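Visitor: The structure file protein-v9.cif (mmCIF, C-alpha atoms, pLDDT in the B column; chains and numbers go by the auth columns) is provided below.
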```cif
data_target
loop_
_atom_site.group_PDB
_atom_site.id
_atom_site.type_symbol
_atom_site.label_atom_id
_atom_site.label_comp_id
_atom_site.label_asym_id
_atom_site.label_seq_id
_atom_site.Cartn_x
_atom_site.Cartn_y
_atom_site.Cartn_z
_atom_site.B_iso_or_equiv
_atom_site.auth_seq_id
_atom_site.auth_asym_id
ATOM 1 C CA MET A 1 25.665 -48.469 -5.409 32.00 179 A
ATOM 2 C CA THR A 2 29.109 -48.730 -3.843 35.00 180 A
ATOM 3 C CA ILE A 3 29.652 -46.652 -0.738 33.00 181 A
ATOM 4 C CA ARG A 4 33.156 -45.265 -0.489 40.00 182 A
ATOM 5 C CA PRO A 5 34.923 -45.521 2.915 37.00 183 A
ATOM 6 C CA GLU A 6 34.744 -41.766 3.488 36.00 184 A
ATOM 7 C CA GLN A 7 30.974 -41.786 2.817 39.00 185 A
ATOM 8 C CA ARG A 8 30.519 -44.652 5.238 38.00 186 A
ATOM 9 C CA ALA A 9 32.440 -42.801 7.957 38.00 187 A
ATOM 10 C CA VAL A 10 30.116 -39.823 7.686 35.00 188 A
ATOM 11 C CA GLN A 11 27.026 -42.012 7.411 41.00 189 A
ATOM 12 C CA VAL A 12 27.893 -44.091 10.477 37.00 190 A
ATOM 13 C CA TRP A 13 28.661 -40.994 12.512 36.00 191 A
ATOM 14 C CA ASP A 14 25.382 -39.310 11.502 40.00 192 A
ATOM 15 C CA ASP A 15 23.211 -42.407 11.906 40.00 193 A
ATOM 16 C CA GLU A 16 24.553 -43.307 15.315 39.00 194 A
ATOM 17 C CA GLY A 17 24.968 -39.742 16.518 39.00 195 A
ATOM 18 C CA GLY A 18 28.300 -40.705 18.016 38.00 196 A
ATOM 19 C CA ARG A 19 26.606 -43.238 20.292 36.00 197 A
ATOM 20 C CA THR A 20 28.044 -46.641 21.019 35.00 198 A
ATOM 21 C CA PRO A 21 25.897 -49.341 19.323 34.00 199 A
ATOM 22 C CA SER A 22 24.760 -52.351 21.347 35.00 200 A
ATOM 23 C CA ASN A 23 27.051 -54.737 19.466 37.00 201 A
ATOM 24 C CA SER A 24 30.123 -52.558 19.780 37.00 202 A
ATOM 25 C CA GLY A 25 32.193 -55.116 21.645 39.00 203 A
ATOM 26 C CA ILE A 26 32.964 -52.658 24.455 42.00 204 A
ATOM 27 C CA ASN A 27 32.578 -54.259 27.851 47.00 205 A
ATOM 28 C CA PRO A 28 30.640 -51.920 30.202 40.00 206 A
ATOM 29 C CA GLU A 29 32.168 -53.686 33.211 47.00 207 A
ATOM 30 C CA THR A 30 35.753 -52.835 32.236 47.00 208 A
ATOM 31 C CA ASP A 31 35.381 -49.707 30.103 53.00 209 A
ATOM 32 C CA PRO A 32 34.563 -46.340 31.674 59.00 210 A
ATOM 33 C CA ALA A 33 31.213 -44.764 30.794 70.00 211 A
ATOM 34 C CA GLU A 34 33.044 -41.562 29.931 86.00 212 A
ATOM 35 C CA TYR A 35 36.737 -40.990 29.349 91.00 213 A
ATOM 36 C CA PHE A 36 36.425 -37.266 29.981 94.00 214 A
ATOM 37 C CA VAL A 37 34.072 -35.440 32.326 94.00 215 A
ATOM 38 C CA ALA A 38 33.213 -31.762 32.008 94.00 216 A
ATOM 39 C CA GLU A 39 34.510 -29.680 34.875 95.00 217 A
ATOM 40 C CA SER A 40 32.534 -27.026 36.731 94.00 218 A
ATOM 41 C CA PHE A 41 33.967 -23.520 37.031 96.00 219 A
ATOM 42 C CA GLN A 42 32.767 -20.926 39.542 95.00 220 A
ATOM 43 C CA ILE A 43 33.533 -17.805 37.549 96.00 221 A
ATOM 44 C CA PRO A 44 32.710 -14.473 39.212 96.00 222 A
ATOM 45 C CA GLU A 45 31.405 -11.374 37.444 96.00 223 A
ATOM 46 C CA LEU A 46 34.079 -10.263 35.002 97.00 224 A
ATOM 47 C CA THR A 47 35.069 -6.855 33.701 97.00 225 A
ATOM 48 C CA GLY A 48 34.238 -6.486 30.029 97.00 226 A
ATOM 49 C CA ILE A 49 33.110 -10.099 29.558 97.00 227 A
ATOM 50 C CA SER A 50 29.413 -10.744 30.138 97.00 228 A
ATOM 51 C CA ALA A 51 27.869 -13.587 32.085 96.00 229 A
ATOM 52 C CA ARG A 52 25.953 -14.525 28.938 96.00 230 A
ATOM 53 C CA ASN A 53 29.135 -14.947 26.926 96.00 231 A
ATOM 54 C CA ILE A 54 30.677 -17.055 29.682 97.00 232 A
ATOM 55 C CA HIS A 55 27.537 -19.221 29.879 96.00 233 A
ATOM 56 C CA GLU A 56 27.464 -19.840 26.130 96.00 234 A
ATOM 57 C CA HIS A 57 31.195 -20.476 26.129 97.00 235 A
ATOM 58 C CA LEU A 58 30.862 -23.090 28.865 97.00 236 A
ATOM 59 C CA GLU A 59 28.101 -24.803 26.870 96.00 237 A
ATOM 60 C CA LEU A 60 30.439 -24.973 23.880 96.00 238 A
ATOM 61 C CA TYR A 61 33.201 -26.454 26.063 97.00 239 A
ATOM 62 C CA GLN A 62 30.874 -29.275 27.100 96.00 240 A
ATOM 63 C CA GLY A 63 30.442 -30.076 23.416 96.00 241 A
ATOM 64 C CA TYR A 64 34.176 -30.732 23.134 97.00 242 A
ATOM 65 C CA VAL A 65 33.975 -33.110 26.097 97.00 243 A
ATOM 66 C CA LYS A 66 31.091 -35.046 24.519 96.00 244 A
ATOM 67 C CA SER A 67 32.756 -35.219 21.122 96.00 245 A
ATOM 68 C CA ALA A 68 36.061 -36.410 22.563 96.00 246 A
ATOM 69 C CA ASN A 69 34.251 -39.203 24.405 95.00 247 A
ATOM 70 C CA ARG A 70 32.303 -40.231 21.303 94.00 248 A
ATOM 71 C CA ILE A 71 35.371 -40.384 19.118 94.00 249 A
ATOM 72 C CA ILE A 72 37.542 -42.397 21.479 91.00 250 A
ATOM 73 C CA LYS A 73 34.716 -44.915 22.010 90.00 251 A
ATOM 74 C CA ARG A 74 34.145 -45.210 18.284 89.00 252 A
ATOM 75 C CA VAL A 75 37.830 -45.795 17.615 89.00 253 A
ATOM 76 C CA ARG A 76 37.906 -48.587 20.201 86.00 254 A
ATOM 77 C CA GLU A 77 34.829 -50.317 18.859 84.00 255 A
ATOM 78 C CA LEU A 78 35.955 -50.485 15.241 84.00 256 A
ATOM 79 C CA THR A 79 37.808 -53.548 14.067 71.00 257 A
ATOM 80 C CA LYS A 80 41.294 -52.767 12.818 71.00 258 A
ATOM 81 C CA ASP A 81 40.903 -54.059 9.291 71.00 259 A
ATOM 82 C CA ASP A 82 41.001 -52.504 5.847 73.00 260 A
ATOM 83 C CA ASP A 83 37.247 -51.827 5.856 81.00 261 A
ATOM 84 C CA HIS A 84 37.651 -49.280 8.644 83.00 262 A
ATOM 85 C CA LEU A 85 41.066 -47.744 8.027 84.00 263 A
ATOM 86 C CA TYR A 86 39.739 -44.589 6.414 86.00 264 A
ATOM 87 C CA GLU A 87 37.111 -44.040 9.099 88.00 265 A
ATOM 88 C CA LEU A 88 39.683 -44.640 11.819 88.00 266 A
ATOM 89 C CA SER A 89 42.107 -42.146 10.309 88.00 267 A
ATOM 90 C CA LEU A 90 39.398 -39.484 10.094 91.00 268 A
ATOM 91 C CA LEU A 91 38.302 -40.031 13.677 92.00 269 A
ATOM 92 C CA GLN A 92 41.818 -40.009 15.091 89.00 270 A
ATOM 93 C CA ARG A 93 42.674 -36.774 13.304 91.00 271 A
ATOM 94 C CA ARG A 94 39.457 -35.234 14.588 94.00 272 A
ATOM 95 C CA PHE A 95 40.227 -36.403 18.117 95.00 273 A
ATOM 96 C CA ALA A 96 43.261 -34.111 18.276 95.00 274 A
ATOM 97 C CA TYR A 97 40.976 -31.150 17.546 96.00 275 A
ATOM 98 C CA GLU A 98 38.329 -32.098 20.132 97.00 276 A
ATOM 99 C CA HIS A 99 40.757 -33.073 22.891 96.00 277 A
ATOM 100 C CA ALA A 100 42.898 -29.960 22.512 97.00 278 A
ATOM 101 C CA GLY A 101 39.735 -27.854 22.515 97.00 279 A
ATOM 102 C CA LEU A 102 38.697 -29.557 25.736 97.00 280 A
ATOM 103 C CA THR A 103 41.990 -29.083 27.604 97.00 281 A
ATOM 104 C CA HIS A 104 42.609 -25.532 26.429 98.00 282 A
ATOM 105 C CA HIS A 105 39.155 -24.432 27.516 98.00 283 A
ATOM 106 C CA GLU A 106 39.716 -25.942 30.961 97.00 284 A
ATOM 107 C CA MET A 107 42.921 -23.955 31.316 97.00 285 A
ATOM 108 C CA PHE A 108 41.154 -20.851 30.029 98.00 286 A
ATOM 109 C CA PHE A 109 38.205 -20.936 32.441 98.00 287 A
ATOM 110 C CA GLU A 110 40.365 -21.887 35.426 97.00 288 A
ATOM 111 C CA GLN A 111 42.242 -18.603 34.958 97.00 289 A
ATOM 112 C CA PHE A 112 39.104 -16.639 35.917 97.00 290 A
ATOM 113 C CA VAL A 113 38.053 -18.621 38.993 96.00 291 A
ATOM 114 C CA GLY A 114 38.453 -16.521 42.125 95.00 292 A
ATOM 115 C CA GLY A 115 38.862 -13.295 40.188 96.00 293 A
ATOM 116 C CA PRO A 116 41.985 -11.444 39.007 96.00 294 A
ATOM 117 C CA THR A 117 45.161 -11.835 41.050 96.00 295 A
ATOM 118 C CA ALA A 118 48.745 -10.686 40.680 95.00 296 A
ATOM 119 C CA CYS A 119 51.910 -12.744 40.856 91.00 297 A
ATOM 120 C CA ALA A 120 54.129 -12.777 43.921 89.00 298 A
ATOM 121 C CA GLU A 121 56.570 -9.898 43.477 89.00 299 A
ATOM 122 C CA SER A 122 59.574 -11.965 44.496 87.00 300 A
ATOM 123 C CA GLY A 123 58.356 -15.256 43.034 92.00 301 A
ATOM 124 C CA PRO A 124 60.226 -17.376 40.481 94.00 302 A
ATOM 125 C CA PHE A 125 57.771 -16.598 37.665 95.00 303 A
ATOM 126 C CA LEU A 126 58.294 -12.828 37.766 96.00 304 A
ATOM 127 C CA LYS A 127 62.029 -13.358 38.127 95.00 305 A
ATOM 128 C CA GLN A 128 61.992 -15.406 34.922 95.00 306 A
ATOM 129 C CA VAL A 129 59.841 -12.782 33.215 97.00 307 A
ATOM 130 C CA ALA A 130 62.319 -10.047 34.166 96.00 308 A
ATOM 131 C CA LYS A 131 65.194 -12.182 32.939 96.00 309 A
ATOM 132 C CA GLU A 132 63.681 -12.843 29.515 96.00 310 A
ATOM 133 C CA PHE A 133 61.397 -9.863 28.831 97.00 311 A
ATOM 134 C CA GLY A 134 62.734 -7.133 31.060 96.00 312 A
ATOM 135 C CA ASP A 135 59.496 -6.618 32.960 96.00 313 A
ATOM 136 C CA PHE A 136 55.931 -7.889 33.272 97.00 314 A
ATOM 137 C CA ASP A 137 54.476 -5.175 30.997 97.00 315 A
ATOM 138 C CA SER A 138 56.776 -6.279 28.190 98.00 316 A
ATOM 139 C CA LEU A 139 55.525 -9.850 28.529 98.00 317 A
ATOM 140 C CA THR A 140 51.870 -8.802 28.400 98.00 318 A
ATOM 141 C CA ALA A 141 52.591 -6.547 25.406 98.00 319 A
ATOM 142 C CA CYS A 142 54.141 -9.539 23.621 98.00 320 A
ATOM 143 C CA LEU A 143 51.134 -11.742 24.382 98.00 321 A
ATOM 144 C CA LYS A 144 48.673 -9.056 23.280 98.00 322 A
ATOM 145 C CA GLY A 145 50.562 -8.686 20.023 98.00 323 A
ATOM 146 C CA ILE A 146 50.319 -12.415 19.343 98.00 324 A
ATOM 147 C CA ALA A 147 46.618 -12.291 20.216 98.00 325 A
ATOM 148 C CA MET A 148 46.019 -9.971 17.246 97.00 326 A
ATOM 149 C CA THR A 149 47.048 -12.760 14.861 97.00 327 A
ATOM 150 C CA ARG A 150 44.460 -13.056 12.090 95.00 328 A
ATOM 151 C CA GLY A 151 42.255 -16.128 12.227 94.00 329 A
ATOM 152 C CA VAL A 152 41.030 -18.334 15.059 96.00 330 A
ATOM 153 C CA GLY A 153 43.198 -20.041 17.611 98.00 331 A
ATOM 154 C CA TRP A 154 44.891 -19.701 20.970 98.00 332 A
ATOM 155 C CA VAL A 155 47.605 -17.599 22.517 98.00 333 A
ATOM 156 C CA MET A 156 49.732 -19.863 24.668 98.00 334 A
ATOM 157 C CA LEU A 157 52.562 -19.196 27.072 98.00 335 A
ATOM 158 C CA TYR A 158 54.741 -22.237 27.580 97.00 336 A
ATOM 159 C CA SER A 159 57.564 -22.876 30.003 95.00 337 A
ATOM 160 C CA CYS A 160 60.367 -25.346 29.517 94.00 338 A
ATOM 161 C CA PRO A 161 60.436 -27.808 32.453 90.00 339 A
ATOM 162 C CA ASP A 162 64.206 -28.180 32.147 88.00 340 A
ATOM 163 C CA THR A 163 65.325 -24.558 31.738 90.00 341 A
ATOM 164 C CA GLY A 164 62.350 -22.444 32.836 90.00 342 A
ATOM 165 C CA HIS A 165 62.436 -20.499 29.574 94.00 343 A
ATOM 166 C CA LEU A 166 59.146 -18.774 28.694 96.00 344 A
ATOM 167 C CA ILE A 167 57.895 -19.277 25.130 97.00 345 A
ATOM 168 C CA PRO A 168 54.885 -17.293 23.828 98.00 346 A
ATOM 169 C CA HIS A 169 53.177 -19.092 20.961 98.00 347 A
ATOM 170 C CA TRP A 170 50.143 -19.085 18.655 98.00 348 A
ATOM 171 C CA ILE A 171 48.094 -22.242 17.943 98.00 349 A
ATOM 172 C CA ASP A 172 45.760 -22.384 14.939 97.00 350 A
ATOM 173 C CA GLU A 173 42.300 -23.755 15.735 97.00 351 A
ATOM 174 C CA HIS A 174 42.927 -25.920 18.818 96.00 352 A
ATOM 175 C CA HIS A 175 45.619 -28.318 17.733 95.00 353 A
ATOM 176 C CA ILE A 176 47.679 -27.007 14.814 95.00 354 A
ATOM 177 C CA GLY A 177 51.105 -25.978 16.043 95.00 355 A
ATOM 178 C CA LEU A 178 51.036 -27.604 19.492 93.00 356 A
ATOM 179 C CA LEU A 179 54.500 -27.714 21.043 94.00 357 A
ATOM 180 C CA SER A 180 55.587 -30.960 22.678 92.00 358 A
ATOM 181 C CA GLY A 181 57.823 -31.263 25.712 92.00 359 A
ATOM 182 C CA LEU A 182 56.776 -27.880 27.122 94.00 360 A
ATOM 183 C CA ARG A 183 54.380 -27.009 29.937 94.00 361 A
ATOM 184 C CA PRO A 184 51.441 -24.743 28.977 96.00 362 A
ATOM 185 C CA ILE A 185 50.966 -22.141 31.711 97.00 363 A
ATOM 186 C CA LEU A 186 48.612 -19.644 30.033 98.00 364 A
ATOM 187 C CA ALA A 187 45.867 -20.171 27.451 98.00 365 A
ATOM 188 C CA LEU A 188 43.863 -17.365 25.855 98.00 366 A
ATOM 189 C CA ASP A 189 40.931 -18.234 23.591 98.00 367 A
ATOM 190 C CA MET A 190 40.996 -16.114 20.443 98.00 368 A
ATOM 191 C CA TRP A 191 38.065 -17.734 18.681 97.00 369 A
ATOM 192 C CA GLU A 192 35.251 -15.296 17.955 96.00 370 A
ATOM 193 C CA HIS A 193 32.840 -17.383 20.018 95.00 371 A
ATOM 194 C CA ALA A 194 34.785 -16.212 23.089 96.00 372 A
ATOM 195 C CA PHE A 195 33.577 -12.623 22.676 96.00 373 A
ATOM 196 C CA VAL A 196 30.761 -12.630 20.089 95.00 374 A
ATOM 197 C CA TYR A 197 28.075 -11.446 22.559 96.00 375 A
ATOM 198 C CA ASP A 198 30.202 -8.581 23.863 97.00 376 A
ATOM 199 C CA TYR A 199 32.231 -7.243 20.949 97.00 377 A
ATOM 200 C CA ALA A 200 32.055 -7.016 17.195 95.00 378 A
ATOM 201 C CA THR A 201 34.668 -9.008 15.318 92.00 379 A
ATOM 202 C CA SER A 202 36.383 -5.708 14.510 93.00 380 A
ATOM 203 C CA GLU A 203 36.694 -5.016 18.271 96.00 381 A
ATOM 204 C CA LYS A 204 38.952 -7.951 19.050 96.00 382 A
ATOM 205 C CA GLU A 205 41.450 -5.665 20.758 97.00 383 A
ATOM 206 C CA LYS A 206 38.835 -4.644 23.350 97.00 384 A
ATOM 207 C CA TYR A 207 38.232 -8.300 24.171 98.00 385 A
ATOM 208 C CA ILE A 208 41.967 -8.858 24.577 98.00 386 A
ATOM 209 C CA ASP A 209 42.192 -5.943 27.015 97.00 387 A
ATOM 210 C CA ALA A 210 39.260 -7.407 28.979 98.00 388 A
ATOM 211 C CA LEU A 211 41.006 -10.787 29.203 97.00 389 A
ATOM 212 C CA PHE A 212 44.057 -9.285 30.832 97.00 390 A
ATOM 213 C CA GLN A 213 41.934 -7.365 33.335 97.00 391 A
ATOM 214 C CA ASN A 214 40.404 -10.605 34.611 98.00 392 A
ATOM 215 C CA LEU A 215 43.287 -13.098 34.653 97.00 393 A
ATOM 216 C CA SER A 216 44.479 -14.832 37.781 97.00 394 A
ATOM 217 C CA TRP A 217 48.232 -14.619 37.332 97.00 395 A
ATOM 218 C CA GLN A 218 48.659 -16.640 40.513 95.00 396 A
ATOM 219 C CA LYS A 219 47.332 -19.644 38.604 95.00 397 A
ATOM 220 C CA VAL A 220 49.816 -18.986 35.807 96.00 398 A
ATOM 221 C CA GLU A 221 52.533 -18.785 38.443 95.00 399 A
ATOM 222 C CA MET A 222 51.433 -22.102 39.960 94.00 400 A
ATOM 223 C CA ARG A 223 51.613 -23.776 36.568 95.00 401 A
ATOM 224 C CA PHE A 224 55.082 -22.356 35.990 95.00 402 A
ATOM 225 C CA GLU A 225 56.236 -23.781 39.314 91.00 403 A
ATOM 226 C CA GLY A 226 54.804 -27.183 38.411 84.00 404 A
ATOM 227 C CA GLY A 227 51.974 -27.123 40.940 46.00 405 A
ATOM 228 C CA TRP A 228 49.321 -27.323 38.246 38.00 406 A
ATOM 229 C CA HIS A 229 49.452 -29.321 35.039 39.00 407 A
ATOM 230 C CA ARG A 230 47.313 -31.567 32.841 36.00 408 A
#
```
Starting from the file, lay out its structure as structure tokens.

Guide:
Amino acid sequence: MTIRPEQRAVQVWDDEGGRTPSNSGINPETDPAEYFVAESFQIPELTGISARNIHEHLELYQGYVKSANRIIKRVRELTKDDDHLYELSLLQRRFAYEHAGLTHHEMFFEQFVGGPTACAESGPFLKQVAKEFGDFDSLTACLKGIAMTRGVGWVMLYSCPDTGHLIPHWIDEHHIGLLSGLRPILALDMWEHAFVYDYATSEKEKYIDALFQNLSWQKVEMRFEGGWHR
């Protein structure tokens, strides 16, 4: 029986469980054990978002870290010949999903550390908000409207490093519709796993309201000013 390249890619991944085989050709003395390491977040008690949901969400985030590491190692160990082209293409496309899931979740959880905070009233972020949206409430109303987009994904607020313009945006899944050349300063997880233990899927709006009650806008402000970036 002939095994097609796509079957082999799945078979290799399942058989090896994403682990690096002993004859991979990767040198343990020069290659890092892990390319990405899961961060730890000290998240306080939140309003409207349970500790259980946060715990399960953090466990899911660690899965993105593990998968990103497995994929990048697998890509490096494969020889770049015709026998592996299909497998390589599948893995590299999947890497975008896992890596974006990793980085977005880190932004997301960081926004809750230390509890909710407001922006500096005379700071550059609120000045830009007033310039483009009129006031802070209009910005949050815009973001909440985007958050009601059907399907799973992320609400992002980007800033342009050159002009300071604020650009609200929706990303499908973790990686479809990413904008290049802009700085992400706010990330809101709109996958159902983010609220499944607290709200029914039909109560998404309640989860959105809870998000905005718990955000540290000082961290968003820091990102806007360039003091925090990935």

Visitor: Do you know which residues the PyMOL selection byres ((chain A and resi 298-306) around 8) returns on this file, as a ChimeraX atom specification?

Guide: /A:296-297,307-310,313-314,342-344,396,399,402-403

Visitor: Rounded to one decimal place, report the CA of Leu269 (chain A)-CA of His235 (chain A) distance in Å.

Guide: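 Result for CA of Leu269 (chain A) versus CA of His235 (chain A): 24.2 Å, one decimal.
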
Visitor: Which value, in Å to one decimal, gives the distance between CA of Asp261 (chain A) and CA of Ala211 (chain A)?

Guide: 26.6 Å

Visitor: Written as a compact mmCIF listing (two decimals) with C-alpha atoms, in the frame of the given file, what is the full residue list that the PyMOL selection byres ((chain A and resi 390) around 12) yields on the file shown?

Guide:
```txt
# COMPACT_ATOMS: atom_id res chain seq x y z
CA LEU A 224 34.08 -10.26 35.00
CA THR A 225 35.07 -6.86 33.70
CA GLY A 226 34.24 -6.49 30.03
CA ILE A 227 33.11 -10.10 29.56
CA PHE A 286 41.15 -20.85 30.03
CA GLN A 289 42.24 -18.60 34.96
CA PHE A 290 39.10 -16.64 35.92
CA GLY A 293 38.86 -13.30 40.19
CA PRO A 294 41.98 -11.44 39.01
CA THR A 295 45.16 -11.84 41.05
CA ALA A 296 48.74 -10.69 40.68
CA ASP A 315 54.48 -5.18 31.00
CA LEU A 317 55.52 -9.85 28.53
CA THR A 318 51.87 -8.80 28.40
CA ALA A 319 52.59 -6.55 25.41
CA LEU A 321 51.13 -11.74 24.38
CA LYS A 322 48.67 -9.06 23.28
CA ALA A 325 46.62 -12.29 20.22
CA LEU A 364 48.61 -19.64 30.03
CA ALA A 365 45.87 -20.17 27.45
CA LEU A 366 43.86 -17.36 25.86
CA ASP A 367 40.93 -18.23 23.59
CA GLU A 383 41.45 -5.66 20.76
CA LYS A 384 38.84 -4.64 23.35
CA TYR A 385 38.23 -8.30 24.17
CA ILE A 386 41.97 -8.86 24.58
CA ASP A 387 42.19 -5.94 27.02
CA ALA A 388 39.26 -7.41 28.98
CA LEU A 389 41.01 -10.79 29.20
CA GLN A 391 41.93 -7.36 33.34
CA ASN A 392 40.40 -10.60 34.61
CA LEU A 393 43.29 -13.10 34.65
CA SER A 394 44.48 -14.83 37.78
CA TRP A 395 48.23 -14.62 37.33
```

Visitor: Can you sort out the box for region 219-230 of chain A, edges along x, y and z, all listed atoms in, 4 Å on every side, with centre and edge lengths in Å to one decimal, as AutoDock Vina command-line options?

Guide:
```
--center_x 30.5 --center_y -15.0 --center_z 34.2 --size_x 17.1 --size_y 25.0 --size_z 18.6
```

Visitor: Using only C-alpha atoms, find the one residue out of A:Leu263, A:Met368, A:Leu357, A:Leu335 that sits nearest to His283 (chain A).

Guide: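 Comparing A:Leu263, A:Met368, A:Leu357, A:Leu335 against His283 (chain A), the winner is A:Met368.
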
Visitor: Measuring atom to atom with only C-alpha atoms, identify which of A:Leu280, A:Arg361, A:Trp332, A:Glu288 is nearest to Trp348 (chain A).

Guide: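 Closest to Trp348 (chain A), using only C-alpha atoms: A:Trp332.
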
Visitor: Any chance you could resolve the PyMOL selection byres ((chain A and resi 218) around 10) against this file and give the residues as a list in words?

Guide: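 On the file shown, the PyMOL selection byres ((chain A and resi 218) around 10) covers Val215, Ala216, Glu217, Phe219, Gln220, Ile221, Leu236, Glu284, Phe287 and Glu288 of chain A.
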
Visitor: I'd like to know which of A:Phe214, A:Trp369, A:Tyr264, A:Tyr275 is closest to Leu356 (chain A), using only C-alpha atoms.

Guide: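 Using only C-alpha atoms, Leu356 (chain A) sits closest to A:Tyr275.
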
Visitor: May I ask for the distance between CA of His353 (chain A) and CA of Gly279 (chain A), given in Å to one decimal place?

Guide: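 Taking CA of His353 (chain A) and CA of Gly279 (chain A), their separation equals 7.6 Å.
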
Visitor: Using all atoms listed in the file, find the one residue out of A:Ala372, A:Ser267, A:His352, A:Gly359 that sits nearest to Asp340 (chain A).

Guide: A:Gly359

Visitor: Could you tell me which of A:Cys320, A:Met326, A:Ile249, A:Ile345 comes closest to Thr379 (chain A) if we count only C-alpha atoms?

Guide: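 Looking at the shortest contact to Thr379 (chain A), the residue is A:Met326.
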